[in-house]
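Visitor: As input, take protein_34.txt (compact mmCIF, C-alpha atoms):
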# COMPACT_ATOMS: atom_id res chain seq x y z
CA MET A 1 133.03 40.08 -31.95
CA TYR A 2 130.78 39.72 -28.88
CA LEU A 3 132.77 40.30 -25.71
CA GLY A 4 130.27 39.45 -22.95
CA ASN A 5 129.16 41.13 -19.73
CA THR A 6 131.77 40.14 -17.15
CA LYS A 7 135.54 40.41 -16.96
CA GLN A 8 135.78 36.65 -17.33
CA ASP A 9 133.56 36.71 -20.47
CA ILE A 10 135.61 39.49 -22.04
CA TYR A 11 138.90 37.82 -21.18
CA PHE A 12 137.90 34.49 -22.73
CA SER A 13 136.39 36.16 -25.84
CA ILE A 14 139.59 38.06 -26.53
CA THR A 15 141.69 34.97 -25.81
CA ASN A 16 139.68 32.80 -28.21
CA PHE A 17 139.95 35.46 -30.91
CA TYR A 18 143.70 35.61 -30.33
CA TYR A 19 144.23 31.88 -30.74
CA SER A 20 142.18 31.80 -33.97
CA MET A 21 144.67 34.09 -35.76
CA SER A 22 147.86 33.12 -37.62
CA LYS A 23 151.23 33.18 -35.87
CA VAL A 24 152.31 36.38 -37.68
CA LYS A 25 149.11 38.20 -36.81
CA LYS A 26 149.41 37.03 -33.18
CA ILE A 27 152.68 38.88 -32.79
CA ILE A 28 151.32 42.06 -34.37
CA SER A 29 148.03 41.98 -32.46
CA TYR A 30 149.41 41.28 -28.98
CA LEU A 31 149.54 44.94 -27.95
CA VAL A 32 146.13 45.56 -29.49
CA ILE A 33 144.60 42.79 -27.39
CA LEU A 34 146.14 44.20 -24.21
CA THR A 35 144.78 47.63 -25.09
CA LEU A 36 141.28 46.24 -25.68
CA PHE A 37 141.42 44.43 -22.36
CA GLU A 38 142.47 47.64 -20.61
CA ILE A 39 139.69 49.68 -22.22
CA PHE A 40 136.85 47.24 -21.64
CA ILE A 41 137.89 46.03 -18.22
CA PHE A 42 139.50 48.84 -16.33
CA GLN A 43 138.21 52.07 -17.84
CA ASN A 44 134.47 51.31 -18.01
CA THR A 45 132.72 51.54 -14.66
CA TRP A 46 129.56 50.00 -16.20
CA CYS A 47 131.40 46.78 -16.91
CA CYS A 48 131.58 43.71 -14.77
CA THR A 49 130.43 45.03 -11.39
CA ASP A 50 128.75 41.72 -10.59
CA ALA A 51 131.93 39.78 -11.14
CA TYR A 52 134.36 42.19 -9.46
CA SER A 53 132.66 44.59 -7.06
CA GLN A 54 134.64 47.06 -4.98
CA GLY A 55 134.19 46.57 -1.23
CA THR A 56 134.11 48.94 1.72
CA GLU A 57 137.44 49.23 3.54
CA LEU A 58 138.48 50.06 7.08
CA LYS A 59 140.58 53.22 7.33
CA TYR A 60 142.23 54.94 10.28
CA ARG A 61 140.60 58.17 11.42
CA LYS A 62 142.04 59.31 14.76
CA GLN A 63 142.66 58.34 18.36
CA LEU A 64 140.86 59.23 21.58
CA GLY A 65 142.80 59.68 24.80
CA THR A 66 146.33 59.13 26.06
CA LYS A 67 147.78 57.27 29.01
CA GLY A 68 147.08 58.87 32.39
CA ILE A 69 144.66 59.31 35.25
CA GLU A 70 143.02 62.61 34.33
CA ASN A 71 139.59 62.96 32.73
CA GLY A 72 139.80 61.76 29.15
CA GLN A 73 142.94 59.73 29.82
CA PHE A 74 143.16 55.95 30.20
CA THR A 75 145.16 53.25 31.90
CA PHE A 76 144.74 49.98 30.02
CA PRO A 77 141.14 50.53 28.88
CA HIS A 78 139.66 47.09 28.40
CA SER A 79 136.14 47.60 27.07
CA LEU A 80 133.83 50.12 25.44
CA THR A 81 130.35 50.55 24.05
CA VAL A 82 128.44 53.18 22.06
CA ASP A 83 124.77 54.07 22.61
CA HIS A 84 122.35 54.93 19.80
CA PHE A 85 122.93 58.64 20.45
CA GLY A 86 126.63 58.15 19.68
CA ASN A 87 127.88 58.58 23.26
CA ILE A 88 130.94 56.46 24.05
CA TYR A 89 131.42 54.57 27.33
CA VAL A 90 134.89 53.25 28.14
CA GLY A 91 135.74 50.69 30.80
CA ASP A 92 138.95 52.35 32.04
CA THR A 93 140.09 49.22 33.86
CA GLY A 94 143.43 50.45 35.20
CA ASN A 95 141.75 53.52 36.70
CA LYS A 96 138.79 51.50 38.08
CA ARG A 97 136.17 53.67 36.43
CA VAL A 98 133.81 54.13 33.51
CA GLN A 99 134.27 57.26 31.41
CA LYS A 100 131.59 58.72 29.16
CA PHE A 101 132.29 60.84 26.07
CA ALA A 102 130.12 62.79 23.65
CA PRO A 103 129.98 61.68 20.00
CA ASN A 104 132.68 64.26 19.15
CA GLY A 105 135.00 62.76 21.79
CA ALA A 106 134.49 65.46 24.44
CA PHE A 107 134.64 64.16 28.02
CA LEU A 108 131.26 64.17 29.79
CA THR A 109 131.51 62.33 33.08
CA SER A 110 133.02 59.35 34.90
CA TRP A 111 132.18 57.14 37.84
CA GLY A 112 133.83 54.45 39.90
CA SER A 113 136.72 53.77 42.22
CA GLU A 114 138.50 50.70 43.57
CA GLY A 115 136.43 48.49 45.84
CA SER A 116 133.44 46.18 46.25
CA ASN A 117 130.73 48.66 47.23
CA ASP A 118 127.98 49.85 44.93
CA GLY A 119 129.49 51.82 42.06
CA GLN A 120 133.01 50.56 42.74
CA PHE A 121 135.01 48.14 40.62
CA LEU A 122 137.50 45.30 40.95
CA GLY A 123 138.56 43.67 37.72
CA LEU A 124 136.29 45.81 35.52
CA HIS A 125 136.18 43.71 32.37
CA ASP A 126 133.28 44.91 30.21
CA VAL A 127 130.73 47.66 29.79
CA THR A 128 127.63 47.75 27.61
CA VAL A 129 124.50 49.82 27.12
CA ASP A 130 120.95 48.73 26.39
CA PRO A 131 119.54 49.41 22.88
CA GLU A 132 117.57 52.47 24.08
CA GLY A 133 120.58 54.07 25.74
CA LYS A 134 118.94 54.25 29.17
CA PHE A 135 121.04 51.80 31.16
CA VAL A 136 124.72 50.93 31.43
CA TYR A 137 125.86 47.50 32.60
CA THR A 138 129.32 46.48 33.83
CA VAL A 139 130.98 43.12 34.51
CA GLU A 140 133.74 42.60 37.08
CA LEU A 141 135.93 39.52 37.26
CA LYS A 142 137.13 39.94 40.83
CA ASN A 143 133.80 41.01 42.33
CA HIS A 144 131.97 38.28 40.35
CA ARG A 145 128.99 40.50 39.57
CA VAL A 146 127.01 42.67 37.18
CA GLN A 147 126.20 46.28 38.07
CA LYS A 148 123.46 48.32 36.43
CA PHE A 149 123.53 52.13 36.20
CA TYR A 150 121.61 54.94 34.60
CA SER A 151 123.47 56.54 31.71
CA ASN A 152 124.73 59.31 34.03
CA GLY A 153 126.43 56.75 36.28
CA SER A 154 123.82 56.60 39.06
CA PHE A 155 123.75 53.11 40.58
CA ILE A 156 120.55 51.06 40.17
CA THR A 157 121.20 47.44 41.16
CA LYS A 158 123.69 44.58 41.08
CA TRP A 159 123.63 40.80 40.98
CA GLY A 160 125.91 37.80 41.18
CA TYR A 161 125.71 34.27 39.83
CA ASN A 162 124.16 32.33 42.69
CA ASN A 163 122.08 29.30 41.60
CA THR A 164 123.29 29.46 37.99
CA GLY A 165 125.02 26.07 38.15
CA GLY A 166 128.62 25.34 37.22
CA ARG A 167 130.97 27.32 39.45
CA ASP A 168 127.94 29.26 40.68
CA LEU A 169 129.03 32.25 42.78
CA LEU A 170 132.58 31.94 41.46
CA ARG A 171 131.62 32.30 37.81
CA SER A 172 133.52 35.07 36.05
CA PRO A 173 131.71 36.15 32.88
CA HIS A 174 133.91 38.24 30.60
CA GLN A 175 131.49 40.20 28.39
CA ILE A 176 127.89 41.34 28.47
CA ALA A 177 125.22 42.31 25.91
CA VAL A 178 121.55 43.31 26.13
CA ASN A 179 118.84 42.63 23.55
CA SER A 180 115.79 44.74 22.67
CA LEU A 181 113.67 42.87 25.24
CA GLY A 182 116.06 43.83 28.02
CA ASN A 183 117.43 40.30 28.42
CA VAL A 184 121.06 40.27 29.52
CA TYR A 185 123.58 37.78 28.10
CA LEU A 186 127.02 37.09 29.59
CA THR A 187 129.86 34.97 28.21
CA ASP A 188 131.23 32.74 30.98
CA SER A 189 134.60 31.93 29.44
CA ASN A 190 135.75 29.49 32.11
CA GLY A 191 132.35 27.81 32.35
CA ASN A 192 132.00 27.56 28.54
CA GLN A 193 128.42 28.80 28.61
CA ILE A 194 126.30 31.87 27.95
CA LEU A 195 124.32 33.05 30.99
CA LYS A 196 120.95 34.73 30.44
CA PHE A 197 119.16 37.05 32.89
CA TYR A 198 116.25 39.42 32.99
CA ASP A 199 117.37 43.03 33.41
CA ASN A 200 116.60 42.92 37.15
CA GLY A 201 119.10 40.11 37.65
CA THR A 202 116.67 37.18 37.71
CA PHE A 203 118.38 34.16 36.20
CA ILE A 204 116.73 32.67 33.09
CA GLY A 205 119.09 29.92 31.97
CA THR A 206 122.23 28.99 30.03
CA ILE A 207 123.21 28.38 26.42
CA GLY A 208 125.74 25.76 25.40
CA SER A 209 128.34 23.60 27.09
CA LYS A 210 132.00 22.77 26.58
CA GLY A 211 132.84 21.20 23.24
CA MET A 212 133.63 21.67 19.58
CA SER A 213 130.24 20.96 18.01
CA SER A 214 127.81 23.60 16.82
CA GLY A 215 126.36 25.43 19.81
CA GLU A 216 129.16 24.31 22.11
CA PHE A 217 132.01 26.49 23.35
CA ASN A 218 135.66 26.49 24.31
CA THR A 219 136.31 29.82 26.02
CA PRO A 220 133.55 32.07 24.70
CA HIS A 221 134.39 35.73 25.21
CA GLY A 222 133.05 38.47 22.92
CA ILE A 223 129.30 38.88 22.47
CA ALA A 224 127.15 41.24 20.38
CA ILE A 225 123.45 41.35 19.54
CA ASP A 226 121.95 42.76 16.34
CA ALA A 227 118.65 44.61 15.83
CA SER A 228 116.82 41.31 15.26
CA ASN A 229 118.18 39.92 18.55
CA ASN A 230 120.54 37.48 16.85
CA ILE A 231 123.53 36.75 19.08
CA TYR A 232 127.16 36.70 17.86
CA VAL A 233 129.82 35.05 20.06
CA THR A 234 133.59 34.73 19.68
CA ASP A 235 134.29 31.10 20.58
CA MET A 236 137.98 31.76 21.10
CA LYS A 237 139.68 28.39 21.45
CA ASN A 238 137.49 26.90 18.75
CA PHE A 239 138.77 29.75 16.53
CA ARG A 240 135.33 30.77 15.29
CA VAL A 241 132.34 33.06 15.55
CA GLN A 242 129.04 31.39 16.36
CA VAL A 243 125.63 32.92 15.66
CA PHE A 244 122.38 32.17 17.51
CA ASP A 245 118.89 33.40 16.70
CA SER A 246 116.50 35.30 18.98
CA ASN A 247 115.37 31.97 20.45
CA ASP A 248 118.97 31.18 21.43
CA SER A 249 119.21 28.41 18.81
CA PHE A 250 122.39 27.85 16.80
CA VAL A 251 122.29 29.27 13.26
CA ARG A 252 125.79 29.24 11.74
CA GLN A 253 129.50 29.66 12.37
CA TRP A 254 132.69 30.70 10.59
CA GLY A 255 136.42 30.82 11.16
CA THR A 256 139.50 28.64 11.46
CA PHE A 257 142.86 28.98 13.18
CA GLY A 258 145.48 31.09 11.44
CA THR A 259 146.63 34.54 10.41
CA GLY A 260 144.98 34.75 7.00
CA LYS A 261 141.74 36.38 5.98
CA ASP A 262 138.74 35.06 7.95
CA GLN A 263 141.10 33.22 10.30
CA PHE A 264 141.57 33.84 14.02
CA SER A 265 144.12 33.37 16.78
CA GLU A 266 143.05 31.78 20.05
CA THR A 267 142.38 35.22 21.52
CA VAL A 268 139.61 37.15 19.75
CA PRO A 269 138.01 38.94 22.69
CA GLY A 270 135.82 41.60 21.03
CA ILE A 271 132.98 41.59 18.53
CA ALA A 272 130.48 44.20 17.29
CA ILE A 273 127.81 44.48 14.62
CA ASP A 274 126.68 47.66 12.88
CA ILE A 275 123.25 48.76 11.60
CA ASN A 276 124.07 47.26 8.18
CA ASN A 277 124.79 43.86 9.76
CA ARG A 278 128.53 44.01 9.20
CA VAL A 279 130.41 42.11 11.88
CA TYR A 280 133.73 43.32 13.36
CA VAL A 281 136.07 40.98 15.25
CA VAL A 282 139.11 42.01 17.30
CA ASP A 283 142.10 39.66 17.20
CA LYS A 284 144.30 40.47 20.19
CA ILE A 285 147.30 38.34 19.29
CA ASN A 286 147.35 39.36 15.63
CA SER A 287 146.68 43.03 16.55
CA ARG A 288 143.99 43.54 13.95
CA VAL A 289 140.31 43.98 13.22
CA GLN A 290 138.48 41.98 10.58
CA MET A 291 135.14 42.92 9.04
CA PHE A 292 132.63 40.36 7.71
CA ASP A 293 129.07 40.31 6.50
CA ASN A 294 126.71 38.57 8.89
CA THR A 295 127.10 35.23 7.11
CA GLY A 296 130.86 35.23 7.60
CA ASN A 297 132.13 36.49 4.25
CA TYR A 298 135.34 38.48 4.69
CA LEU A 299 135.07 42.16 3.72
CA SER A 300 138.11 44.02 5.03
CA GLY A 301 140.79 44.14 7.71
CA TRP A 302 143.00 46.67 9.48
CA GLY A 303 145.81 46.75 11.99
CA SER A 304 149.39 45.80 12.80
CA ASP A 305 151.24 45.43 16.08
CA GLY A 306 152.99 48.44 17.56
CA ASN A 307 152.56 51.76 19.32
CA GLY A 308 152.53 54.00 16.27
CA PRO A 309 149.62 56.31 15.48
CA GLN A 310 147.95 53.72 13.22
CA GLN A 311 148.80 50.55 15.10
CA LEU A 312 147.38 48.35 17.85
CA HIS A 313 148.94 46.53 20.78
CA LYS A 314 146.81 43.84 22.42
CA PRO A 315 143.41 45.34 21.56
CA GLU A 316 140.46 43.97 23.52
CA ASP A 317 137.09 45.38 22.49
CA ILE A 318 135.24 47.09 19.66
CA ALA A 319 132.03 49.09 19.12
CA VAL A 320 130.38 50.83 16.16
CA ASN A 321 128.09 53.86 16.12
CA ASN A 322 125.17 54.45 13.77
CA LYS A 323 127.34 56.55 11.45
CA GLY A 324 129.80 53.71 10.91
CA ASP A 325 132.61 54.98 13.12
CA ILE A 326 134.49 52.05 14.68
CA TYR A 327 136.01 52.33 18.16
CA ILE A 328 138.72 49.93 19.40
CA THR A 329 140.25 49.67 22.85
CA ASP A 330 143.97 49.72 22.07
CA THR A 331 144.50 48.41 25.56
CA ARG A 332 148.24 48.22 26.04
CA ASN A 333 148.70 51.57 24.31
CA SER A 334 146.13 53.10 26.70
CA ARG A 335 144.03 54.77 24.00
CA ILE A 336 141.00 54.33 21.79
CA GLN A 337 141.62 53.96 18.05
CA ILE A 338 138.85 55.21 15.76
CA LEU A 339 138.34 53.86 12.24
CA GLN A 340 135.87 54.70 9.51
CA LEU A 341 134.41 52.91 6.52
CA VAL A 342 135.58 54.13 3.12
CA ASP A 343 134.14 52.97 -0.21
For the structure just supplied, provide its representation as structure tokens.
Guide:
Amino acid sequence: MYLGNTKQDIYFSITNFYYSMSKVKKIISYLVILTLFEIFIFQNTWCCTDAYSQGTELKYRKQLGTKGIENGQFTFPHSLTVDHFGNIYVGDTGNKRVQKFAPNGAFLTSWGSEGSNDGQFLGLHDVTVDPEGKFVYTVELKNHRVQKFYSNGSFITKWGYNNTGGRDLLRSPHQIAVNSLGNVYLTDSNGNQILKFYDNGTFIGTIGSKGMSSGEFNTPHGIAIDASNNIYVTDMKNFRVQVFDSNDSFVRQWGTFGTGKDQFSETVPGIAIDINNRVYVVDKINSRVQMFDNTGNYLSGWGSDGNGPQQLHKPEDIAVNNKGDIYITDTRNSRIQILQLVD
């Protein structure tokens, strides 16, 4: 009897053979059929990988930091980023500073204090690093500006949103990302647009407008850029992720409202993409992270609400290093949760 190459083929072959037998033989052969199915399906790794492949899963690894004001401690950390060396930068919003850590989690340096002068912060909402790891950028809601630093925290320049249209100087972009050309993209959640600048602060233009159609936004927030300069945006109140190409043109989208797989609440503030083009989305209300391929196919998820060692409470942002370690700002628990990919 030919069984076939996939689990479905084998199942239907055995089933057809079963129904071709007499009633007496059916009773006797029932356990034999189950045994055959077990042997061919579950004990042979060569069988049926195309039909039922095992995916990579998100697993808890450890946490970084505790609540406090000392070096290496956090007060409601809101954002983070990882450079290509593996260094971790955390927007420690409650302490009005940026902290930098080595790849092993050791504290390296910090900068910032409360205020509106160069190197100070009010409403520190996001931090990012350019693809080469040379420059660090921050976004502040209350100071309505971007600041640019060297990776050691030395101040370089700053700019606001004058002559960008919309609410102009009063725009309050929530997240920031930089592509390989040095172009800077900011999600203006209240203005329902993406702002684009050169890395010296010169305004280039905007992407999108308010709406529900492809390329339109209703409260865009998270933004990430892959190695090919494709742009991924969490369009929060449209309950979706939208993708744009390197020319800022709409490519695709995925997501609906809900709590199931590949569904989102109205608050999905963080997004990241790794070197294998897997996309990670933080759902603040549902206290979880979901992982997709870059076309929107669901791969894995992790998280539940709470303050336990393997839980999240109102997470905000996410970043991934080149080794596949995933960092999440567990904001209301004042710590960073670290996950890893396990086959």
Visitor: Taking only C-alpha atoms into account, which of A:Lys158, A:Arg332, A:His78, A:Arg61 comes nearest Val98 (chain A)?
Guide: A:His78
Visitor: Taking 6 positions as the minimum chain separation for residues in the same chain, which residues sit within 10 Å of Gly119 (chain A) when counting only C-alpha atoms? Answer as a ChimeraX atom specification.
Guide: /A:97-98,111-113,138,147-149,153-158
Visitor: For Thr81 (chain A), which of A:Leu299, A:Leu195, A:Val184, A:Ala319 is the closest residue, counting only C-alpha atoms?
Guide: A:Ala319
Visitor: Tell me which of A:Val241, A:Leu186, A:Ile326, A:Leu341 sits closest to Tyr137 (chain A), counting only C-alpha atoms.
Guide: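 For Tyr137 (chain A), the nearest of the given residues is A:Leu186.
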Visitor: For Arg167 (chain A), which residue among A:Ser265, A:Val233, A:Asn192, A:Val289 is the nearest when counting only C-alpha atoms?
Guide: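 Among the listed residues, the smallest separation from Arg167 (chain A) belongs to A:Asn192.
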Visitor: Skipping near chain neighbours, those fewer than 6 positions away, what residues fall within 10 Å of Gln73 (chain A) using only C-alpha atoms, listed as a PyMOL selection string?
Guide: chain A and resi 64-67+92+95+99+107+334-336
Visitor: Need the shell around Thr329 (chain A): protein/DNA/RNA residues with any atom at most 7 Å away, counting only C-alpha atoms. Skip same-chain ones fewer than 2 positions apart. Format as a PyMOL selection string?
Guide: chain A and resi 77-80+315-318+327+331+335-337
Visitor: Please complete region 273-292 of chain A so it has N, CA and C atoms, and hand it over as a short mmCIF file (atom, residue, chain, number, x, y, z; two decimals), in the coordinates of the input.
Guide:
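What ended up in rebuild12.cif:
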data_model
loop_
_atom_site.label_atom_id
_atom_site.label_comp_id
_atom_site.auth_asym_id
_atom_site.auth_seq_id
_atom_site.Cartn_x
_atom_site.Cartn_y
_atom_site.Cartn_z
N ILE A 273 128.57 44.54 15.86
CA ILE A 273 127.81 44.48 14.62
C ILE A 273 127.16 45.84 14.39
N ASP A 274 127.22 46.33 13.15
CA ASP A 274 126.68 47.66 12.88
C ASP A 274 125.25 47.58 12.34
N ILE A 275 124.66 48.73 12.02
CA ILE A 275 123.25 48.76 11.60
C ILE A 275 123.05 48.14 10.22
N ASN A 276 124.15 47.92 9.48
CA ASN A 276 124.07 47.26 8.18
C ASN A 276 124.46 45.78 8.27
N ASN A 277 124.50 45.27 9.50
CA ASN A 277 124.79 43.86 9.76
C ASN A 277 126.19 43.43 9.33
N ARG A 278 127.14 44.37 9.35
CA ARG A 278 128.53 44.01 9.20
C ARG A 278 129.10 43.67 10.57
N VAL A 279 129.89 42.63 10.62
CA VAL A 279 130.41 42.11 11.88
C VAL A 279 131.90 42.42 11.98
N TYR A 280 132.33 42.94 13.13
CA TYR A 280 133.73 43.32 13.36
C TYR A 280 134.29 42.47 14.49
N VAL A 281 135.46 41.88 14.26
CA VAL A 281 136.07 40.98 15.25
C VAL A 281 137.48 41.47 15.56
N VAL A 282 137.79 41.60 16.84
CA VAL A 282 139.11 42.01 17.30
C VAL A 282 139.96 40.77 17.57
N ASP A 283 141.14 40.74 16.97
CA ASP A 283 142.10 39.66 17.20
C ASP A 283 143.26 40.24 18.01
N LYS A 284 143.32 39.88 19.27
CA LYS A 284 144.30 40.47 20.19
C LYS A 284 145.73 40.08 19.84
N ILE A 285 145.95 38.81 19.56
CA ILE A 285 147.30 38.34 19.29
C ILE A 285 147.81 38.86 17.95
N ASN A 286 146.95 38.88 16.95
CA ASN A 286 147.35 39.36 15.63
C ASN A 286 147.21 40.87 15.48
N SER A 287 146.77 41.56 16.54
CA SER A 287 146.68 43.03 16.55
C SER A 287 145.96 43.58 15.33
N ARG A 288 144.74 43.09 15.12
CA ARG A 288 143.99 43.54 13.95
C ARG A 288 142.49 43.43 14.18
N VAL A 289 141.76 44.08 13.28
CA VAL A 289 140.31 43.98 13.22
C VAL A 289 139.94 43.42 11.86
N GLN A 290 139.01 42.48 11.85
CA GLN A 290 138.48 41.98 10.58
C GLN A 290 136.99 42.30 10.49
N MET A 291 136.55 42.60 9.28
CA MET A 291 135.14 42.92 9.04
C MET A 291 134.54 41.86 8.11
N PHE A 292 133.34 41.39 8.46
CA PHE A 292 132.63 40.36 7.71
C PHE A 292 131.19 40.81 7.47
#
